[in-house]
$ cat final_4.cif   # mmCIF, C-alpha atoms
data_protein
#
loop_
_atom_site.label_atom_id
_atom_site.label_comp_id
_atom_site.auth_asym_id
_atom_site.auth_seq_id
_atom_site.Cartn_x
_atom_site.Cartn_y
_atom_site.Cartn_z
CA MET A 1 -11.29 -29.45 49.57
CA ASN A 2 -8.25 -30.16 51.71
CA ASN A 3 -10.17 -32.94 53.25
CA LEU A 4 -10.58 -34.59 49.86
CA ARG A 5 -6.87 -34.27 49.14
CA ASP A 6 -6.06 -36.02 52.40
CA ILE A 7 -8.29 -38.94 51.53
CA LEU A 8 -6.88 -39.29 48.04
CA TYR A 9 -3.34 -39.00 49.33
CA HIS A 10 -4.05 -41.91 51.55
CA TYR A 11 -4.44 -43.96 48.37
CA TYR A 12 -2.08 -42.30 45.94
CA PRO A 13 -0.39 -38.88 45.82
CA ILE A 14 -1.83 -37.20 42.74
CA SER A 15 -0.64 -33.93 41.24
CA ASP A 16 -2.34 -30.58 41.92
CA GLU A 17 -3.56 -30.34 38.38
CA SER A 18 -5.17 -33.76 38.46
CA ALA A 19 -6.68 -33.02 41.84
CA THR A 20 -8.30 -29.87 40.48
CA LYS A 21 -9.66 -31.68 37.45
CA PHE A 22 -10.85 -34.49 39.65
CA SER A 23 -12.66 -32.21 42.06
CA GLU A 24 -14.48 -30.58 39.14
CA ILE A 25 -16.46 -33.77 38.52
CA LEU A 26 -17.37 -34.16 42.19
CA VAL A 27 -20.40 -32.84 44.01
CA ARG A 28 -20.58 -32.73 47.78
CA LYS A 29 -23.80 -34.20 49.09
CA LYS A 30 -25.53 -35.13 52.29
CA TYR A 31 -27.81 -38.10 52.63
CA LYS A 32 -30.11 -39.12 55.43
CA ASN A 33 -29.94 -42.43 57.22
CA LYS A 34 -31.41 -45.33 55.19
CA THR A 35 -31.22 -43.55 51.85
CA GLU A 36 -30.35 -45.82 49.00
CA LEU A 37 -27.48 -44.55 46.89
CA SER A 38 -27.96 -44.64 43.15
CA ASN A 39 -25.65 -47.20 41.60
CA ASN A 40 -25.98 -46.09 38.03
CA ASP A 41 -22.65 -44.84 36.75
CA LYS A 42 -21.77 -43.21 40.05
CA PHE A 43 -18.85 -43.37 42.38
CA TYR A 44 -18.59 -42.04 45.90
CA ILE A 45 -15.99 -40.82 48.32
CA LEU A 46 -17.25 -41.13 51.84
CA LEU A 47 -16.36 -38.26 54.15
CA ASP A 48 -18.40 -39.12 57.18
CA GLY A 49 -20.85 -41.81 58.25
CA PHE A 50 -21.37 -45.46 57.43
CA VAL A 51 -22.56 -47.13 54.27
CA ARG A 52 -23.12 -50.80 53.52
CA SER A 53 -23.18 -52.67 50.27
CA TYR A 54 -25.60 -55.51 49.79
CA THR A 55 -26.72 -57.97 47.17
CA ILE A 56 -30.13 -59.41 46.46
CA HIS A 57 -30.55 -62.89 45.13
CA ASP A 58 -33.33 -63.89 42.72
CA ASN A 59 -35.08 -65.69 45.56
CA GLY A 60 -35.25 -62.44 47.52
CA SER A 61 -32.59 -63.05 50.14
CA VAL A 62 -30.59 -59.96 51.06
CA ARG A 63 -26.98 -60.27 52.18
CA ILE A 64 -24.59 -57.61 53.29
CA GLY A 65 -21.45 -57.46 51.19
CA THR A 66 -19.35 -55.13 53.24
CA PHE A 67 -19.37 -52.10 55.50
CA LEU A 68 -17.73 -48.90 54.35
CA SER A 69 -16.56 -46.28 56.77
CA LYS A 70 -14.94 -42.86 56.57
CA SER A 71 -12.60 -42.15 53.66
CA SER A 72 -13.62 -45.16 51.57
CA ILE A 73 -13.92 -44.74 47.85
CA PHE A 74 -16.51 -46.98 46.29
CA THR A 75 -18.57 -47.59 43.22
CA SER A 76 -21.16 -50.09 42.26
CA ILE A 77 -19.65 -52.73 40.03
CA LYS A 78 -22.36 -51.99 37.51
CA PRO A 79 -20.24 -49.53 35.55
CA LEU A 80 -17.45 -52.09 35.38
CA SER A 81 -19.21 -54.93 33.67
CA ILE A 82 -22.09 -57.34 33.77
CA LEU A 83 -21.49 -60.37 35.92
CA SER A 84 -21.08 -63.65 34.14
CA ASN A 85 -22.84 -65.83 36.66
CA CYS A 86 -26.51 -65.61 37.43
CA VAL A 87 -26.03 -65.33 41.17
CA ILE A 88 -26.44 -61.60 41.60
CA GLN A 89 -27.54 -58.89 39.26
CA GLU A 90 -26.12 -55.86 40.97
CA ILE A 91 -24.73 -54.46 44.14
CA LYS A 92 -26.68 -51.84 46.02
CA PHE A 93 -25.61 -49.34 48.60
CA ASP A 94 -27.53 -47.74 51.39
CA CYS A 95 -26.67 -45.46 54.28
CA LEU A 96 -26.51 -46.77 57.83
CA SER A 97 -26.26 -43.30 59.30
CA ASP A 98 -26.42 -39.75 58.03
CA VAL A 99 -23.57 -39.46 55.59
CA ILE A 100 -21.59 -36.73 53.88
CA LEU A 101 -19.93 -37.74 50.65
CA TYR A 102 -18.57 -36.63 47.33
CA GLU A 103 -20.45 -38.00 44.38
CA GLY A 104 -19.22 -38.17 40.81
CA SER A 105 -19.91 -39.77 37.48
CA PHE A 106 -17.86 -42.91 36.92
CA SER A 107 -17.63 -42.53 33.15
CA GLU A 108 -16.38 -38.95 33.59
CA PHE A 109 -13.72 -40.30 35.89
CA ILE A 110 -12.65 -42.91 33.36
CA LYS A 111 -12.41 -40.16 30.76
CA LEU A 112 -10.12 -38.22 33.09
CA THR A 113 -7.88 -41.22 33.72
CA LYS A 114 -7.12 -41.33 30.03
CA LYS A 115 -5.60 -37.87 30.13
CA HIS A 116 -4.11 -37.97 33.58
CA HIS A 117 -1.92 -40.92 34.21
CA ASP A 118 -1.72 -40.39 37.95
CA LEU A 119 -5.49 -40.70 38.19
CA SER A 120 -5.37 -44.16 36.67
CA LEU A 121 -2.70 -45.03 39.22
CA LEU A 122 -5.10 -43.75 41.87
CA TYR A 123 -7.78 -45.97 40.40
CA ASN A 124 -5.31 -48.85 40.63
CA LYS A 125 -4.82 -48.24 44.31
CA THR A 126 -8.52 -48.08 45.06
CA LEU A 127 -9.08 -51.35 43.22
CA GLU A 128 -6.29 -52.97 45.20
CA ALA A 129 -7.89 -51.71 48.38
CA GLY A 130 -11.20 -53.18 47.25
CA ILE A 131 -9.65 -56.55 46.53
CA ARG A 132 -8.01 -56.52 49.92
CA LEU A 133 -11.34 -55.89 51.58
CA VAL A 134 -13.05 -58.79 49.84
CA ILE A 135 -10.18 -61.23 50.36
CA GLU A 136 -10.02 -60.33 54.00
CA LYS A 137 -13.74 -60.93 54.41
CA ALA A 138 -13.52 -64.30 52.68
CA HIS A 139 -10.56 -65.22 54.84
CA VAL A 140 -12.24 -64.24 58.07
CA LEU A 141 -15.36 -66.19 57.18
CA ILE A 142 -13.41 -69.32 56.40
CA HIS A 143 -10.71 -69.44 59.00
CA LEU A 144 -12.30 -68.01 62.13
CA ASP A 145 -15.16 -69.40 64.18
CA GLY A 146 -18.29 -67.43 65.04
CA MET A 147 -16.74 -65.78 68.08
CA GLY A 148 -13.60 -64.86 66.15
CA ARG A 149 -15.63 -63.33 63.35
CA TYR A 150 -17.70 -61.29 65.76
CA LEU A 151 -14.59 -60.00 67.53
CA HIS A 152 -12.98 -59.15 64.22
CA LEU A 153 -16.01 -57.13 63.20
CA LYS A 154 -16.16 -55.38 66.57
CA ASN A 155 -12.50 -54.58 66.23
CA GLN A 156 -13.12 -52.90 62.89
CA TYR A 157 -16.35 -51.15 63.82
CA PRO A 158 -16.64 -50.86 67.60
CA ASN A 159 -20.13 -49.34 67.55
CA ILE A 160 -21.58 -51.68 64.93
CA GLU A 161 -24.53 -52.60 67.18
CA ASN A 162 -25.80 -49.03 67.02
CA LEU A 163 -25.72 -48.98 63.25
CA ILE A 164 -27.46 -52.14 62.16
CA LYS A 165 -29.79 -54.75 63.52
CA LEU A 166 -28.34 -57.74 65.32
CA ASN A 167 -29.97 -59.97 62.74
CA ASP A 168 -27.98 -58.28 60.02
CA ILE A 169 -24.78 -58.67 61.99
CA ALA A 170 -25.54 -62.37 62.38
CA SER A 171 -26.11 -62.73 58.66
CA TYR A 172 -22.91 -60.83 57.90
CA ILE A 173 -20.74 -63.06 60.03
CA ASN A 174 -22.70 -66.08 58.85
CA VAL A 175 -24.11 -67.35 62.14
CA THR A 176 -27.71 -67.70 63.19
CA PRO A 177 -29.23 -64.95 65.38
CA ILE A 178 -29.38 -67.45 68.24
CA GLN A 179 -25.70 -68.24 67.96
CA LEU A 180 -24.88 -64.53 67.90
CA SER A 181 -26.89 -63.90 71.01
CA ARG A 182 -24.98 -66.72 72.76
CA ILE A 183 -21.67 -65.33 71.61
CA ARG A 184 -22.57 -61.90 72.93
CA LYS A 185 -23.76 -63.37 76.20
CA THR A 186 -20.50 -65.25 76.71
CA LEU A 187 -18.50 -62.15 75.94
CA TYR A 188 -20.37 -59.62 77.99
CA SER A 189 -21.45 -61.60 81.01
CA SER A 190 -17.88 -62.64 81.78
CA LYS A 191 -16.82 -59.02 82.19
CA MET B 1 4.18 -63.99 21.47
CA GLU B 2 0.98 -64.15 19.44
CA ASN B 3 -0.26 -66.30 22.23
CA ILE B 4 0.31 -63.58 24.82
CA LYS B 5 -1.31 -61.01 22.59
CA LEU B 6 -4.44 -63.11 22.21
CA ILE B 7 -4.82 -63.51 25.94
CA LEU B 8 -4.09 -59.91 26.78
CA ASN B 9 -6.51 -58.68 24.14
CA ARG B 10 -9.26 -60.34 26.08
CA PHE B 11 -8.50 -57.97 28.90
CA GLU B 12 -7.33 -54.83 27.19
CA PRO B 13 -5.74 -54.33 23.77
CA ILE B 14 -2.19 -53.01 24.04
CA THR B 15 0.13 -51.57 21.41
CA GLU B 16 2.82 -53.58 19.58
CA ASP B 17 5.49 -51.53 21.26
CA SER B 18 4.22 -52.23 24.76
CA LEU B 19 3.78 -55.87 23.86
CA ASN B 20 7.42 -56.09 22.85
CA GLU B 21 8.52 -54.50 26.10
CA LEU B 22 6.29 -56.85 28.03
CA CYS B 23 7.62 -59.92 26.23
CA LYS B 24 11.14 -58.98 27.26
CA ILE B 25 10.31 -59.53 30.90
CA LEU B 26 8.30 -62.71 30.39
CA THR B 27 9.57 -66.28 30.30
CA LYS B 28 7.51 -69.28 29.38
CA LYS B 29 7.55 -72.05 31.96
CA THR B 30 5.86 -75.33 32.60
CA TYR B 31 5.15 -76.47 36.13
CA SER B 32 4.23 -79.97 37.12
CA LYS B 33 1.14 -80.80 39.13
CA LYS B 34 1.23 -79.80 42.80
CA SER B 35 4.20 -77.48 42.46
CA PHE B 36 3.92 -74.02 43.96
CA LEU B 37 3.83 -70.92 41.81
CA ILE B 38 3.87 -68.57 44.74
CA LYS B 39 4.96 -69.96 48.07
CA TYR B 40 4.95 -67.98 51.27
CA PRO B 41 7.22 -66.17 52.20
CA LYS B 42 8.94 -65.70 48.83
CA ASP B 43 7.99 -65.26 45.17
CA PHE B 44 5.95 -62.17 45.89
CA ASP B 45 7.44 -60.31 42.99
CA LYS B 46 6.21 -62.72 40.39
CA PHE B 47 3.20 -62.37 38.18
CA PHE B 48 1.75 -64.96 35.83
CA ILE B 49 -0.24 -65.29 32.67
CA LEU B 50 -1.95 -68.66 32.66
CA ILE B 51 -2.03 -70.42 29.30
CA SER B 52 -3.12 -73.92 30.08
CA GLY B 53 -3.98 -75.97 33.14
CA LEU B 54 -5.67 -75.07 36.40
CA THR B 55 -4.19 -73.26 39.36
CA ARG B 56 -5.68 -72.32 42.65
CA SER B 57 -5.06 -69.67 45.25
CA LEU B 58 -4.92 -70.60 48.90
CA THR B 59 -5.20 -68.51 52.00
CA ILE B 60 -3.30 -69.65 55.05
CA ALA B 61 -4.35 -68.75 58.56
CA GLU B 62 -2.07 -68.22 61.52
CA ASP B 63 -2.74 -71.74 62.74
CA GLY B 64 -1.56 -73.15 59.42
CA SER B 65 -4.93 -74.24 58.07
CA LYS B 66 -5.31 -73.75 54.36
CA ASN B 67 -8.34 -72.94 52.30
CA CYS B 68 -8.80 -72.79 48.59
CA ARG B 69 -9.96 -69.31 47.68
CA SER B 70 -10.37 -69.59 43.97
CA ILE B 71 -9.68 -71.89 41.09
CA LEU B 72 -8.24 -70.19 38.05
CA LYS B 73 -8.59 -71.38 34.49
CA PRO B 74 -6.98 -69.86 31.41
CA PRO B 75 -6.93 -67.14 30.30
CA ALA B 76 -6.04 -65.59 33.61
CA LEU B 77 -3.62 -63.03 34.92
CA PHE B 78 -2.59 -63.35 38.51
CA LEU B 79 -0.08 -62.35 41.12
CA SER B 80 0.09 -62.52 44.86
CA LEU B 81 -0.80 -58.86 45.45
CA GLU B 82 0.84 -59.40 48.79
CA LYS B 83 2.71 -56.07 48.77
CA GLU B 84 -0.22 -54.19 47.33
CA ILE B 85 -2.78 -55.29 49.84
CA ARG B 86 -0.69 -55.97 52.90
CA LYS B 87 -1.43 -53.83 55.91
CA ASN B 88 -0.01 -53.93 59.39
CA ASN B 89 -2.88 -55.80 60.89
CA HIS B 90 -3.15 -58.35 58.17
CA ILE B 91 -3.84 -61.87 59.24
CA PHE B 92 -3.53 -64.04 56.19
CA ASN B 93 -1.02 -65.25 53.65
CA ILE B 94 -1.62 -66.21 50.09
CA GLU B 95 -0.15 -69.06 48.07
CA PHE B 96 -0.72 -70.31 44.56
CA ASP B 97 -0.24 -73.92 43.50
CA CYS B 98 -0.95 -76.04 40.44
CA LEU B 99 -3.89 -78.42 40.34
CA THR B 100 -2.82 -79.87 37.02
CA GLU B 101 0.24 -79.45 34.91
CA VAL B 102 0.28 -75.80 33.87
CA THR B 103 1.98 -73.61 31.33
CA VAL B 104 2.50 -70.00 32.27
CA TYR B 105 4.33 -66.89 31.27
CA GLU B 106 6.16 -65.67 34.29
CA GLY B 107 7.51 -62.19 34.94
CA ASN B 108 8.73 -59.88 37.61
CA PHE B 109 6.04 -57.54 38.82
CA LYS B 110 8.45 -54.81 39.87
CA GLN B 111 9.74 -54.66 36.32
CA PHE B 112 6.20 -54.58 35.07
CA ARG B 113 5.45 -51.64 37.33
CA LYS B 114 8.52 -49.90 35.96
CA ILE B 115 7.54 -50.25 32.31
CA ALA B 116 3.89 -49.57 33.10
CA ALA B 117 4.73 -46.35 34.90
CA ASP B 118 4.79 -44.34 31.70
CA ARG B 119 2.70 -46.53 29.43
CA THR B 120 -0.99 -45.84 29.66
CA ASP B 121 -2.04 -49.02 27.91
CA LEU B 122 -0.13 -51.29 30.28
CA CYS B 123 -1.51 -49.40 33.23
CA LYS B 124 -4.98 -49.92 31.81
CA LEU B 125 -4.24 -53.58 31.35
CA TYR B 126 -3.34 -53.82 35.00
CA ILE B 127 -6.52 -51.97 35.92
CA ARG B 128 -8.56 -54.37 33.82
CA GLY B 129 -6.83 -57.28 35.51
CA LEU B 130 -7.63 -55.86 38.92
CA GLU B 131 -11.24 -55.18 37.97
CA THR B 132 -11.66 -58.73 36.77
CA THR B 133 -10.20 -60.09 39.98
CA LEU B 134 -12.37 -57.84 42.10
CA LEU B 135 -15.50 -58.86 40.22
CA LYS B 136 -14.67 -62.53 40.59
CA LEU B 137 -14.05 -62.13 44.30
CA ILE B 138 -17.27 -60.21 44.86
CA GLU B 139 -19.13 -62.78 42.86
CA LYS B 140 -17.68 -65.58 44.92
CA ASP B 141 -18.47 -63.73 48.13
CA ALA B 142 -22.07 -63.24 47.02
CA MET B 143 -22.24 -66.85 45.93
CA LYS B 144 -21.06 -68.00 49.33
CA SER B 145 -23.59 -65.97 51.23
CA HIS B 146 -26.62 -66.59 49.00
CA LEU B 147 -26.31 -70.16 47.82
CA ASN B 148 -26.21 -73.49 49.54
CA ALA B 149 -23.54 -76.09 48.87
CA LEU B 150 -25.46 -77.83 46.09
CA GLU B 151 -26.01 -74.58 44.20
CA ARG B 152 -22.38 -73.62 44.67
CA TYR B 153 -21.35 -76.95 43.21
CA LEU B 154 -23.61 -76.45 40.20
CA CYS B 155 -22.11 -72.99 39.65
CA LEU B 156 -18.63 -74.47 39.65
CA LYS B 157 -19.72 -77.21 37.26
CA LYS B 158 -21.11 -74.60 34.95
CA GLU B 159 -17.82 -72.76 34.89
CA ILE B 160 -15.55 -75.78 34.54
CA PRO B 161 -17.75 -78.71 33.37
CA ASN B 162 -15.13 -81.46 33.56
CA ILE B 163 -13.71 -80.36 36.92
CA GLU B 164 -13.96 -83.87 38.40
CA ASN B 165 -11.54 -85.23 35.85
CA LEU B 166 -9.03 -82.49 36.50
CA ILE B 167 -8.69 -82.29 40.25
CA GLN B 168 -9.36 -84.37 43.33
CA LEU B 169 -12.80 -84.43 44.86
CA ASN B 170 -11.56 -83.30 48.25
CA GLN B 171 -10.00 -80.27 46.65
CA ILE B 172 -13.38 -79.40 45.19
CA ALA B 173 -14.98 -79.90 48.60
CA ASN B 174 -12.42 -77.54 50.11
CA TYR B 175 -13.22 -74.94 47.46
CA LEU B 176 -16.94 -75.25 48.20
CA ASN B 177 -16.15 -75.00 51.89
CA ILE B 178 -17.85 -78.27 52.82
CA THR B 179 -16.53 -81.57 54.12
CA PRO B 180 -15.70 -84.38 51.67
CA VAL B 181 -18.56 -86.41 53.19
CA GLN B 182 -21.12 -83.70 52.53
CA PHE B 183 -19.78 -83.34 49.05
CA SER B 184 -20.12 -87.01 48.26
CA ARG B 185 -23.75 -86.88 49.47
CA ILE B 186 -24.48 -83.95 47.21
CA ARG B 187 -23.05 -85.77 44.22
CA LYS B 188 -25.06 -88.85 45.05
CA ASN B 189 -28.27 -86.85 45.14
CA ILE B 190 -27.66 -85.31 41.76
CA LYS B 191 -27.14 -88.65 40.11
#
$ encode --input "final_4.cif" --output "structure tokens"
Amino acid sequence: MNNLRDILYHYYPISDESATKFSEILVRKKYKNKTELSNNDKFYILLDGFVRSYTIHDNGSVRIGTFLSKSSIFTSIKPLSILSNCVIQEIKFDCLSDVILYEGSFSEFIKLTKKHHDLSLLYNKTLEAGIRLVIEKAHVLIHLDGMGRYLHLKNQYPNIENLIKLNDIASYINVTPIQLSRIRKTLYSSK
Amino acid sequence: MENIKLILNRFEPITEDSLNELCKILTKKTYSKKSFLIKYPKDFDKFFILISGLTRSLTIAEDGSKNCRSILKPPALFLSLEKEIRKNNHIFNIEFDCLTEVTVYEGNFKQFRKIAADRTDLCKLYIRGLETTLLKLIEKDAMKSHLNALERYLCLKKEIPNIENLIQLNQIANYLNITPVQFSRIRKNIK
């Protein structure tokens, strides 16, 4: 329980009462590597392990949205609204390693925010964190070259190679697998 | 004032009382084309409600290169979010400028935070604003990774059909993240 408080405090200091109410709607769960997380009216607080979000286009192409590591709070955007454009239908999550997380119902949470003002402020903070994540990704993709993007990713997740396939890394940083292999060669052979 | 109410109702209906409070901190302003709404390193406290015209947000890298992140059309709520999303290791700056002549309501975000602190409906409005932004960003991120330049252009055309008459072609190319030459070829092919 303390662990959960620490994570939430990282976002916003909520009152004891709200924390108790909040923890009542949460269930602690363990998932195995490669499990897909249900994205129907659920939100998650990640305690340990790695999760990725990905989108699937109508033509079948799969792209990684973002990586989530310890102490992230995330939800599928499905509970929020239906997207206006036809590009993607939904965002899916799956586990890249064995994970431990708290799981809760998103609509229950929204109900709670109506009574407890500090919980809606907490929700504010998590949204801001989400926006930051997406802006940063867009920025990195646009302004850095392939090498820069790879280094940035390595900086964030040093053991990324052990979690996902190199092909997926290449697709995430938007270079071809061949380019990635050259980048890695340049980096590691010079050492 | 009715004007503001109409726009805000699209996001989240707020009470008369809160609307009055909100109007007190808003001033209506008109900006000419190319002027900056938020210019690094000041103006971070401002927030805007867009009534007419088009604005865009730019990210600026350390080397000074600029890229258009999104094009905003009314009704839109926006602010720099600089304070909210800034972290120590952050590597980008955000600016907003006008693509056409725009009319906005401008306010101080700190004051907004103050009056929103104990008003649930304003807090919810802010949440809704953040959710909308997050969705748009995710959508754009997905669009970038799944679609090619032609499809991205068609998406933009769908959203703002007369975009060519409003802003310069090289600005559109920058938004689509392609060179002006590529862009002109794409347009030629469509015709």
$ resolve_selection --input "final_4.cif" --expression "the PyMOL selection byres ((chain B) within 10 of (chain A))" --output "PyMOL selection string"
chain B and resi 58-69+81-82+84-87+90-94+117-121+123-124+126-147+151-152+155+158-159+177
$ residues_around --input "final_4.cif" --residues "Gln182 of chain B" --least-positions-apart "6" --cutoff "12 Å" --atoms "all atoms listed in the file" --output "list in words"
Asn148, Ala149, Leu150, Tyr153, Leu169, Asn170, Ile172, Ala173, Asn174, Leu176, Lys188 and Asn189 of chain B
$ resolve_selection --input "final_4.cif" --expression "the PyMOL selection byres ((chain B and resi 47-51) around 12)" --output "number ranges by chain"
B: 1, 3-8, 11, 22-23, 25-31, 37-38, 43-46, 52-56, 71-82, 96-98, 101-113, 126, 129
$ resolve_selection --input "final_4.cif" --expression "the PyMOL selection byres ((chain A and resi 163) around 9)" --output "number ranges by chain"
A: 50, 96-97, 159-162, 164-165
$ closest_residue --input "final_4.cif" --among "B:Ser57, B:Thr100, B:Thr15, B:Asn20" --to "Leu166 of chain B" --atoms "only C-alpha atoms"
B:Thr100
$ residues_around --input "final_4.cif" --residues "segment 21-35 of chain A" --least-positions-apart "3" --cutoff "9 Å" --atoms "all atoms listed in the file" --output "list of chain:residue names"
A:Met1, A:Leu4, A:Asp16, A:Glu17, A:Ser18, A:Tyr44, A:Phe93, A:Asp94, A:Cys95, A:Leu96, A:Ser97, A:Asp98, A:Val99, A:Ile100, A:Leu101, A:Tyr102, A:Glu103, A:Gly104, A:Ser105, A:Glu108, A:Phe109, A:Leu112, A:Leu119
$ write_last_selection --input "final_4.cif" --atoms "C-alpha atoms" --output "compact mmCIF listing (two decimals), keeping the file's coordinate frame"
# COMPACT_ATOMS: atom_id res chain seq x y z
CA MET A 1 -11.29 -29.45 49.57
CA LEU A 4 -10.58 -34.59 49.86
CA ASP A 16 -2.34 -30.58 41.92
CA GLU A 17 -3.56 -30.34 38.38
CA SER A 18 -5.17 -33.76 38.46
CA TYR A 44 -18.59 -42.04 45.90
CA PHE A 93 -25.61 -49.34 48.60
CA ASP A 94 -27.53 -47.74 51.39
CA CYS A 95 -26.67 -45.46 54.28
CA LEU A 96 -26.51 -46.77 57.83
CA SER A 97 -26.26 -43.30 59.30
CA ASP A 98 -26.42 -39.75 58.03
CA VAL A 99 -23.57 -39.46 55.59
CA ILE A 100 -21.59 -36.73 53.88
CA LEU A 101 -19.93 -37.74 50.65
CA TYR A 102 -18.57 -36.63 47.33
CA GLU A 103 -20.45 -38.00 44.38
CA GLY A 104 -19.22 -38.17 40.81
CA SER A 105 -19.91 -39.77 37.48
CA GLU A 108 -16.38 -38.95 33.59
CA PHE A 109 -13.72 -40.30 35.89
CA LEU A 112 -10.12 -38.22 33.09
CA LEU A 119 -5.49 -40.70 38.19
$ atom_distance --input "final_4.cif" --atom1 "atom CA of Leu187 of chain A" --atom2 "atom CA of Leu68 of chain A"
25.3 Å
$ atom_distance --input "final_4.cif" --atom1 "atom CA of Phe67 of chain A" --atom2 "atom CA of Thr20 of chain A"
29.0 Å
$ atom_distance --input "final_4.cif" --atom1 "atom CA of Phe43 of chain A" --atom2 "atom CA of Tyr157 of chain A"
22.9 Å
$ residues_around --input "final_4.cif" --residues "Pro177 of chain A" --least-positions-apart "4" --cutoff "8 Å" --atoms "only C-alpha atoms" --output "ChimeraX atom specification"
/A:166-167,170-171,181
$ write_last_selection --input "final_4.cif" --atoms "C-alpha atoms" --output "CSV table (one decimal), in the coordinates of the input"
chain,number,residue,atom,x,y,z
A,166,LEU,CA,-28.3,-57.7,65.3
A,167,ASN,CA,-30.0,-60.0,62.7
A,170,ALA,CA,-25.5,-62.4,62.4
A,171,SER,CA,-26.1,-62.7,58.7
A,181,SER,CA,-26.9,-63.9,71.0
$ residues_around --input "final_4.cif" --residues "Ser38 of chain A" --least-positions-apart "2" --cutoff "8 Å" --atoms "only C-alpha atoms" --output "PyMOL selection string"
chain A and resi 36+40+42+92-93
$ axis_aligned_box --input "final_4.cif" --around "segment 50-59 of chain A" --padding-each-side "5 Å" --output "JSON"
{"center_x": -28.2, "center_y": -55.6, "center_z": 50.1, "size_x": 23.7, "size_y": 30.2, "size_z": 24.7}
